[in-house]
Amino acid sequence: MSNVPWWASEDFWRKTAIWVTAGMAVVLIVLTFDTVKVITAGHSRVPAYEVINKRIYYRMNTKRQFQEPVIGEDAPLFGKMLSPEEAQAMVSHGKMTLQARNCASCHTILGNGAYYAPDLTKAWLDPAWAGEGAREMLMVKFLMDPTTNARGYGGKRRMPNLHLTEEEAKAVVAFLKWTSAIDTSGFPRNFTPILQEGDL
Amino acid sequence: MSTAKLTGSAALGGGQRLAIKYFVVAIVLFGAQILFGLLAGFQYLQPDFLYGVVDFSVNRMVHINAMVVWMLFGFIGSIYWLIEEESGTEVVGLALGNLGFWLFTIAVAIVVVVYLVIQTGPGTIESIWFINEGREYIEAPRWADVGIVVCVLIFFYNVAATFMKGRWTGIGGVLVLDLVAVAGMYLAGMFYSPNLSMDQFWWWWVIHLWVEATWEVLVGCIMAWGLIKTLGARRQVVTTWLYIEVALMLGSGILGLGHHYFWIGTPEYWLTVGGFFSALEPVPLVAMVVHAVYDSGVHRFKSPNHPALAWLIAHAFGNFFGAGVWGFMHTLPQVNIYTHGTQWSASHGHFAFFGAYATMNIAVFYLAAQKWRGNVNFGGGLVDNGWKWKWSLGLLNGGVLGMVMALLVSGYDQVFIERALEGATWAGFFKAQYSVWYLQGMWWRQLFGYMTAAGFFLLVWDLMTIGVRETRPAAFHTEVAEHAA
Ligand code: HEM
Ligand code: HEM
Ligand SMILES: [Fe+2]
């Protein structure tokens with residue numbers, strides 16, 4: 001139609017829609033290449049799987065002004081140093097157990113999931129696990145029978161018994177230990193980690 | 001006007017008969033969504049209820065999966081509904097389309113039975129293939145993913161080939177390109193990685209790029225067609241608006257993906273990119289409200305289908321408030337670091353999914369019901385004054401809005417106690433969960449949930465009865481009809 005100015009014409013907006021979409025898609029793809037590289041395990045922000053052989057802290061970085069994971073000295077999980085392959089296999093088994101038992105349909109992890117139960121991102125570092133020494137075994141015991149071992153925190157909400165085998169429970173602990181070493185840009189903020197050897 | 005009006009499937013083309021099947025399954029699943037939502041909500045109040053039998057995790061999974069699937073069924077049905085009129089020809093592969101429908105429906109039924117009966121599996125890849133994948137919204141096991149992809153391909157073939165055989169319209173062109181993207185995004189969620197950051201990175205491609213990009217465009221197409229149907233709006237104006245909305249929506253929504261990449265291990269430039277572009281996402285949603293309200297005003301709200309028009313307007317506002325306003329409230333990283341993964345997210349999730357997508361589907365159900373009843377008048381002066389559709393509109397919207405507000409109160413309480421004061425430890429989490437204001441919010445959510453359920457029952461009743469005793473044919477107000485021609 002001739003009386004329609006160019007900026008209101010169908011043709012102009014069709015072209016704009018196509019170019020804008022294409023442009024944004026290109027930017028997203030470029031950023032995706034970079035991000036996928038950076039979040040590959042063992043690159044800068046996501047730890048290699050053998051990090052489960054080390055002590056993990058969550059400490060304030062005064063320059064970034066938030067807490068970040070700090071990798072400490074050797075602290076083998078369940079008293080056993082693992083090779084990179086063994087560590088990956090264990091973490092992966094833990095992750096599959098998390099998926100198959102549908103943990104994220106009650107919990108969040110990295111803040112995503114359900115809101116019925118506490119976030120698992122820093123589960124490994126939570127002060128709930130009494131002390132560093134007892135933590136691993138307490139976690140395994142809890143995971144294998146949460147109904148009996150629930151703390152309650154003054155309410156009735158309890159985790160159901162998902163019948164994890166001991167091997168699965170240990171793998172989940174490995175996975176959670178690894179997860180706690182991901183650099184999450186300060187989430188959760190203002191978190192109070194469990195006291196570990198090497199803390200003042 | 002002949003006295004023997006055509007009703008039921010005799011009044012419909014092949015594509016529309018297939019659409020009705022999709023709509024019926026969609027409504028059944030909508031009912032399942034509400035039922036399992038109520039069960040999950042009740043467990044917040046009485047944690048021992050069904051504990052160890054049908055746990056919260058199972059109820060929640062069925063709740064949100066039923067939602068995703070009923071909305072997909074509704075969308076597929078909507079497109080089968082409009083495609084023959086829009087393209088001017090019959091659906092090319094109707095038998096294939098029917099096969100796709102049955103495959104999809106049977107797959108969904110099997111998945112739900114497995115969810116409820118088997119529930120969980122050992123930590124192996126087989127569980128992910130056959131029981132559940134354990135990733136929110138796309139929990140469906142891998143075999144079902146493959147089945148869904150096959151069904152979507154059949155659907156895509158039918159849509160593209162039908163437009164190719166008939167005529168292309170602006171709406172048709174946008175629709176076909178968009179369906180490529182809808183299907184493509186789904187593939188991003190179909191692999192396993194031990195790396196949680198990698199997992200969530202691609203998971204958001206499915207979730208975010210569906211609801212904040214491709215689904216928005218899809219409902220934009222249906223809306224464009226719906227405004228032509230309910231108001232007789234001019235095609236050229238509607239199509240131009242559609243292009244504007246696509247430009248704004250994808251211009252902001254694609255990189256808006258970054259608002260999910262603040263805290264999952266992804267690089268820090270996403271704080272800027274995600275914060276900036278997602279903050280722009282409300283802009284197209286405002287444009288959509290303006291468009292719908294303006295068109296309705298121009299046509300003085302004269303429509304042969306009042307319930308459909310009312311739901312289209314509910315869509316425009318629900319989309320704007322639920323997605324736009326409620327999304328904006330927590331989309332800047334400075335806010336999101338506190339609200340991330342709390343009842344705030346649940347408040348927004350309910351408002352946005354209902355406001356944007358449930359509403360649109362219900363609008364199309366009413367358009368379909370009208371034709372099914374022999375294209376009779378659904379406008380003013382319905383036989384029983386249309387009390388059922390009016391009440392169900394009020395109860396459903398009021399119920400969801402009430403839940404949203406209750407969740408927001410709980411969300412505020414949770415954020416301040418758990419996150420700001422307690423530093424997000426487990427003890428802090430439970431301190432918030434058992435605080436009085438939080439629990440009050442949960443009670444109100446449940447009450448408004450019952451209201452929502454009442455609205456749903458009335459909706460079903462209304463869809464089954466509306467216009468049965470009506471004899472006047474549907475007609476645009478004459479002026480409007482001339483305008484539309
Ligand atoms: C009878 C009414 C309903 C009740 C009682 C209800 C209850 C619930 C509950 C308890 C959850 C789990 C939240 C959590 O993890 O803590 C949930 C999640 C969800 N529901 Fe509903 N719901 C209802 C209706 C709806 C409707 C109508 C929709 C949308 C059309 C909807 C969409 C969602 C979504 C998207 C989630 C996931 C939210 C998130 O992860 O942020 N629900 N609902
Ligand atoms: C119709 C469109 C939309 C729908 C259906 C929708 C739905 C949802 C749902 C269900 C979640 C929770 C995801 C989860 O379970 O973890 C979510 C999260 C989020 N949405 Fe939306 N949304 C929409 C549009 C928007 C818009 C336009 C914005 C911003 C302006 C936005 C901002 C956010 C943010 C920031 C989160 C993350 C919440 C968190 O950190 O926990 N959303 N959305
Ligand atoms: Fe998003």
# chains A, B, ... in the order shown; residues from 1 in each chain; ligands from 1
>>> residues_near_ligand(ligand="ligand 3", cutoff="7 Å", atoms="only C-alpha atoms and all ligand atoms", output="MDAnalysis selection string")
chainID B and resid 208 212 256:257 259:260
>>> write_last_selection(atoms="N, CA, C and O atoms", output="short mmCIF file (atom, residue, chain, number, x, y, z; two decimals), in the first residue's frame")
data_model
loop_
_atom_site.label_atom_id
_atom_site.label_comp_id
_atom_site.auth_asym_id
_atom_site.auth_seq_id
_atom_site.Cartn_x
_atom_site.Cartn_y
_atom_site.Cartn_z
N HIS B 208 14.57 -22.06 28.56
CA HIS B 208 14.45 -20.63 28.29
C HIS B 208 14.13 -20.35 26.82
O HIS B 208 13.23 -19.57 26.51
N GLU B 212 10.75 -18.31 26.41
CA GLU B 212 10.97 -16.88 26.24
C GLU B 212 11.37 -16.52 24.82
O GLU B 212 11.76 -15.40 24.54
N GLY B 256 18.73 -12.90 26.30
CA GLY B 256 18.17 -12.90 27.66
C GLY B 256 18.42 -14.24 28.34
O GLY B 256 18.39 -14.34 29.57
N LEU B 257 18.68 -15.26 27.56
CA LEU B 257 19.08 -16.57 28.08
C LEU B 257 20.14 -16.42 29.18
O LEU B 257 20.19 -17.20 30.13
N HIS B 259 20.26 -14.65 31.68
CA HIS B 259 19.86 -14.48 33.09
C HIS B 259 19.84 -15.82 33.83
O HIS B 259 19.65 -15.83 35.04
N HIS B 260 20.02 -16.92 33.12
CA HIS B 260 20.18 -18.21 33.80
C HIS B 260 21.64 -18.62 33.92
O HIS B 260 21.95 -19.70 34.42
#
>>> closest_atom_pairs(of="chain A", to="chain B", cutoff="7 Å", atoms="only C-alpha atoms", output="JSON lines")
{"residue": "A:Ser9", "atom": "CA", "partner": "B:Thr240", "partner_atom": "CA", "distance": 6.9}
{"residue": "A:Glu10", "atom": "CA", "partner": "B:Thr240", "partner_atom": "CA", "distance": 4.7}
{"residue": "A:Trp13", "atom": "CA", "partner": "B:Tyr243", "partner_atom": "CA", "distance": 5.5}
{"residue": "A:Arg14", "atom": "CA", "partner": "B:Tyr243", "partner_atom": "CA", "distance": 5.4}
{"residue": "A:Thr16", "atom": "CA", "partner": "B:Ala247", "partner_atom": "CA", "distance": 6.5}
{"residue": "A:Ala17", "atom": "CA", "partner": "B:Ala247", "partner_atom": "CA", "distance": 4.1}
{"residue": "A:Val20", "atom": "CA", "partner": "B:Gly251", "partner_atom": "CA", "distance": 5.8}
{"residue": "A:Thr21", "atom": "CA", "partner": "B:Leu250", "partner_atom": "CA", "distance": 5.7}
{"residue": "A:Met24", "atom": "CA", "partner": "B:Gly251", "partner_atom": "CA", "distance": 6.3}
{"residue": "A:Ala25", "atom": "CA", "partner": "B:Ile254", "partner_atom": "CA", "distance": 6.9}
{"residue": "A:Leu28", "atom": "CA", "partner": "B:Leu255", "partner_atom": "CA", "distance": 6.4}
{"residue": "A:Thr35", "atom": "CA", "partner": "B:Thr266", "partner_atom": "CA", "distance": 6.4}
{"residue": "A:Ile39", "atom": "CA", "partner": "B:Thr266", "partner_atom": "CA", "distance": 6.2}
{"residue": "A:Ala41", "atom": "CA", "partner": "B:Asn195", "partner_atom": "CA", "distance": 6.7}
{"residue": "A:Arg45", "atom": "CA", "partner": "B:Gly265", "partner_atom": "CA", "distance": 5.9}
{"residue": "A:Val46", "atom": "CA", "partner": "B:Gly265", "partner_atom": "CA", "distance": 6.2}
{"residue": "A:Val91", "atom": "CA", "partner": "B:Pro194", "partner_atom": "CA", "distance": 6.9}
{"residue": "A:Ser92", "atom": "CA", "partner": "B:Pro194", "partner_atom": "CA", "distance": 4.7}
{"residue": "A:His93", "atom": "CA", "partner": "B:Gly123", "partner_atom": "CA", "distance": 6.3}
{"residue": "A:Lys95", "atom": "CA", "partner": "B:Pro194", "partner_atom": "CA", "distance": 6.0}
{"residue": "A:Met96", "atom": "CA", "partner": "B:Gly123", "partner_atom": "CA", "distance": 4.8}
{"residue": "A:Thr97", "atom": "CA", "partner": "B:Gly123", "partner_atom": "CA", "distance": 3.7}
{"residue": "A:Gln99", "atom": "CA", "partner": "B:Gly134", "partner_atom": "CA", "distance": 4.0}
{"residue": "A:Ala100", "atom": "CA", "partner": "B:Gly121", "partner_atom": "CA", "distance": 5.3}
{"residue": "A:Arg101", "atom": "CA", "partner": "B:Thr120", "partner_atom": "CA", "distance": 5.0}
{"residue": "A:Asn102", "atom": "CA", "partner": "B:Gly134", "partner_atom": "CA", "distance": 4.5}
{"residue": "A:Ala104", "atom": "CA", "partner": "B:Gly134", "partner_atom": "CA", "distance": 6.8}
{"residue": "A:Ser105", "atom": "CA", "partner": "B:Ser57", "partner_atom": "CA", "distance": 4.6}
{"residue": "A:Cys106", "atom": "CA", "partner": "B:Ser57", "partner_atom": "CA", "distance": 5.4}
{"residue": "A:Thr108", "atom": "CA", "partner": "B:Gly341", "partner_atom": "CA", "distance": 6.7}
{"residue": "A:Leu110", "atom": "CA", "partner": "B:Ile264", "partner_atom": "CA", "distance": 5.6}
{"residue": "A:Gly111", "atom": "CA", "partner": "B:Gly341", "partner_atom": "CA", "distance": 4.7}
{"residue": "A:Asn112", "atom": "CA", "partner": "B:Gly341", "partner_atom": "CA", "distance": 5.7}
{"residue": "A:Gly113", "atom": "CA", "partner": "B:Glu136", "partner_atom": "CA", "distance": 6.1}
{"residue": "A:Tyr115", "atom": "CA", "partner": "B:Thr342", "partner_atom": "CA", "distance": 6.1}
{"residue": "A:Pro118", "atom": "CA", "partner": "B:Trp426", "partner_atom": "CA", "distance": 5.8}
{"residue": "A:Asp126", "atom": "CA", "partner": "B:Thr425", "partner_atom": "CA", "distance": 6.2}
{"residue": "A:Ala128", "atom": "CA", "partner": "B:Trp426", "partner_atom": "CA", "distance": 6.8}
{"residue": "A:Tyr153", "atom": "CA", "partner": "B:Phe430", "partner_atom": "CA", "distance": 6.4}
{"residue": "A:Gly155", "atom": "CA", "partner": "B:Tyr434", "partner_atom": "CA", "distance": 6.9}
{"residue": "A:Lys156", "atom": "CA", "partner": "B:Pro47", "partner_atom": "CA", "distance": 6.1}
{"residue": "A:Arg157", "atom": "CA", "partner": "B:Pro47", "partner_atom": "CA", "distance": 5.2}
{"residue": "A:Pro160", "atom": "CA", "partner": "B:Gly52", "partner_atom": "CA", "distance": 5.7}
{"residue": "A:Glu168", "atom": "CA", "partner": "B:Gly123", "partner_atom": "CA", "distance": 7.0}
{"residue": "A:Ile182", "atom": "CA", "partner": "B:Gly265", "partner_atom": "CA", "distance": 5.9}
{"residue": "A:Asp183", "atom": "CA", "partner": "B:Gly265", "partner_atom": "CA", "distance": 5.2}
{"residue": "A:Thr184", "atom": "CA", "partner": "B:Trp263", "partner_atom": "CA", "distance": 4.5}
{"residue": "A:Ser185", "atom": "CA", "partner": "B:Trp263", "partner_atom": "CA", "distance": 5.8}
{"residue": "A:Phe187", "atom": "CA", "partner": "B:Trp263", "partner_atom": "CA", "distance": 6.0}
{"residue": "A:Pro188", "atom": "CA", "partner": "B:Ala424", "partner_atom": "CA", "distance": 6.3}
{"residue": "A:Arg189", "atom": "CA", "partner": "B:Gly423", "partner_atom": "CA", "distance": 6.4}
{"residue": "A:Asn190", "atom": "CA", "partner": "B:Gly423", "partner_atom": "CA", "distance": 4.8}
{"residue": "A:Phe191", "atom": "CA", "partner": "B:Gly423", "partner_atom": "CA", "distance": 4.3}
{"residue": "A:Thr192", "atom": "CA", "partner": "B:Gly423", "partner_atom": "CA", "distance": 6.3}
>>> select_by_dssp(residues="region 50-108 of chain A", states="helix (DSSP H, G or I)", output="ChimeraX atom specification")
/A:50-53,77-79,84-100,103-105
>>> closest_atom_pairs(of="chain B", to="ligand 1", cutoff="9 Å", atoms="only C-alpha atoms and all ligand atoms", output="Markdown table")
| residue | atom | partner | partner_atom_place_in_ligand_line | distance |
| --- | --- | --- | --- | --- |
| B:Phe30 | CA | ligand 1 | 27 (C) | 7.9 |
| B:Gln33 | CA | ligand 1 | 24 (C) | 6.8 |
| B:Ile34 | CA | ligand 1 | 1 (C) | 4.4 |
| B:Leu35 | CA | ligand 1 | 1 (C) | 6.5 |
| B:Phe36 | CA | ligand 1 | 6 (C) | 7.5 |
| B:Gly37 | CA | ligand 1 | 6 (C) | 3.7 |
| B:Leu38 | CA | ligand 1 | 5 (C) | 3.8 |
| B:Leu39 | CA | ligand 1 | 5 (C) | 7.0 |
| B:Ala40 | CA | ligand 1 | 10 (C) | 4.3 |
| B:Gly41 | CA | ligand 1 | 10 (C) | 3.7 |
| B:Phe42 | CA | ligand 1 | 10 (C) | 7.3 |
| B:Gln43 | CA | ligand 1 | 10 (C) | 7.7 |
| B:Tyr44 | CA | ligand 1 | 10 (C) | 7.0 |
| B:Phe56 | CA | ligand 1 | 10 (C) | 8.1 |
| B:Ser57 | CA | ligand 1 | 15 (O) | 8.4 |
| B:Asn59 | CA | ligand 1 | 10 (C) | 8.4 |
| B:Arg60 | CA | ligand 1 | 12 (C) | 5.5 |
| B:Met61 | CA | ligand 1 | 18 (C) | 8.6 |
| B:His63 | CA | ligand 1 | 21 (Fe) | 6.6 |
| B:Ile64 | CA | ligand 1 | 34 (C) | 5.6 |
| B:Met67 | CA | ligand 1 | 30 (C) | 6.3 |
| B:Val68 | CA | ligand 1 | 35 (C) | 8.5 |
| B:Met71 | CA | ligand 1 | 30 (C) | 8.6 |
| B:Glu136 | CA | ligand 1 | 40 (O) | 7.7 |
| B:Tyr137 | CA | ligand 1 | 37 (C) | 8.1 |
| B:Gly341 | CA | ligand 1 | 41 (O) | 7.2 |
| B:Thr342 | CA | ligand 1 | 41 (O) | 7.8 |
| B:Gln343 | CA | ligand 1 | 16 (O) | 6.7 |
| B:Trp344 | CA | ligand 1 | 41 (O) | 7.7 |
| B:Ser345 | CA | ligand 1 | 41 (O) | 4.5 |
| B:Ala346 | CA | ligand 1 | 41 (O) | 3.7 |
| B:Ser347 | CA | ligand 1 | 41 (O) | 7.1 |
| B:His348 | CA | ligand 1 | 41 (O) | 7.0 |
| B:Gly349 | CA | ligand 1 | 35 (C) | 4.4 |
| B:His350 | CA | ligand 1 | 32 (C) | 4.3 |
| B:Phe351 | CA | ligand 1 | 29 (C) | 7.0 |
| B:Ala352 | CA | ligand 1 | 29 (C) | 7.5 |
| B:Phe353 | CA | ligand 1 | 29 (C) | 4.7 |
| B:Phe354 | CA | ligand 1 | 30 (C) | 3.7 |
| B:Gly355 | CA | ligand 1 | 30 (C) | 7.5 |
| B:Ala356 | CA | ligand 1 | 30 (C) | 8.6 |
| B:Tyr357 | CA | ligand 1 | 30 (C) | 7.1 |
| B:Ala358 | CA | ligand 1 | 30 (C) | 5.5 |
| B:Thr359 | CA | ligand 1 | 30 (C) | 8.5 |
| B:Leu396 | CA | ligand 1 | 27 (C) | 8.1 |
| B:Gly399 | CA | ligand 1 | 2 (C) | 7.7 |
| B:Val400 | CA | ligand 1 | 27 (C) | 6.4 |
| B:Met403 | CA | ligand 1 | 3 (C) | 7.6 |
| B:Met442 | CA | ligand 1 | 10 (C) | 8.8 |
| B:Arg445 | CA | ligand 1 | 5 (C) | 6.5 |
| B:Gln446 | CA | ligand 1 | 5 (C) | 5.3 |
| B:Leu447 | CA | ligand 1 | 5 (C) | 8.1 |
| B:Phe448 | CA | ligand 1 | 2 (C) | 7.2 |
| B:Gly449 | CA | ligand 1 | 1 (C) | 3.7 |
| B:Tyr450 | CA | ligand 1 | 1 (C) | 5.8 |
| B:Met451 | CA | ligand 1 | 1 (C) | 7.5 |
| B:Thr452 | CA | ligand 1 | 1 (C) | 5.4 |
| B:Ala453 | CA | ligand 1 | 1 (C) | 5.4 |
| B:Ala454 | CA | ligand 1 | 1 (C) | 9.0 |
>>> residues_around(residues="Gly15 (chain B)", least_positions_apart="4", cutoff="10 Å", atoms="only C-alpha atoms", output="list of chain:residue names")
B:Ala19, B:Ile20, B:Gly77, B:Ser78, B:Ile79, B:Tyr80, B:Trp81, B:Leu82, B:Ile83, B:Glu84, B:Glu85, B:Glu90, B:Val91, B:Val92, B:Gly93, B:Leu94, B:Gly97, B:Asn98, B:Asn158
>>> atom_distance(atom1="atom 1 (C, counted along the ligand's line) of ligand 2", atom2="CA of Gly322 (chain B)")
7.1 Å
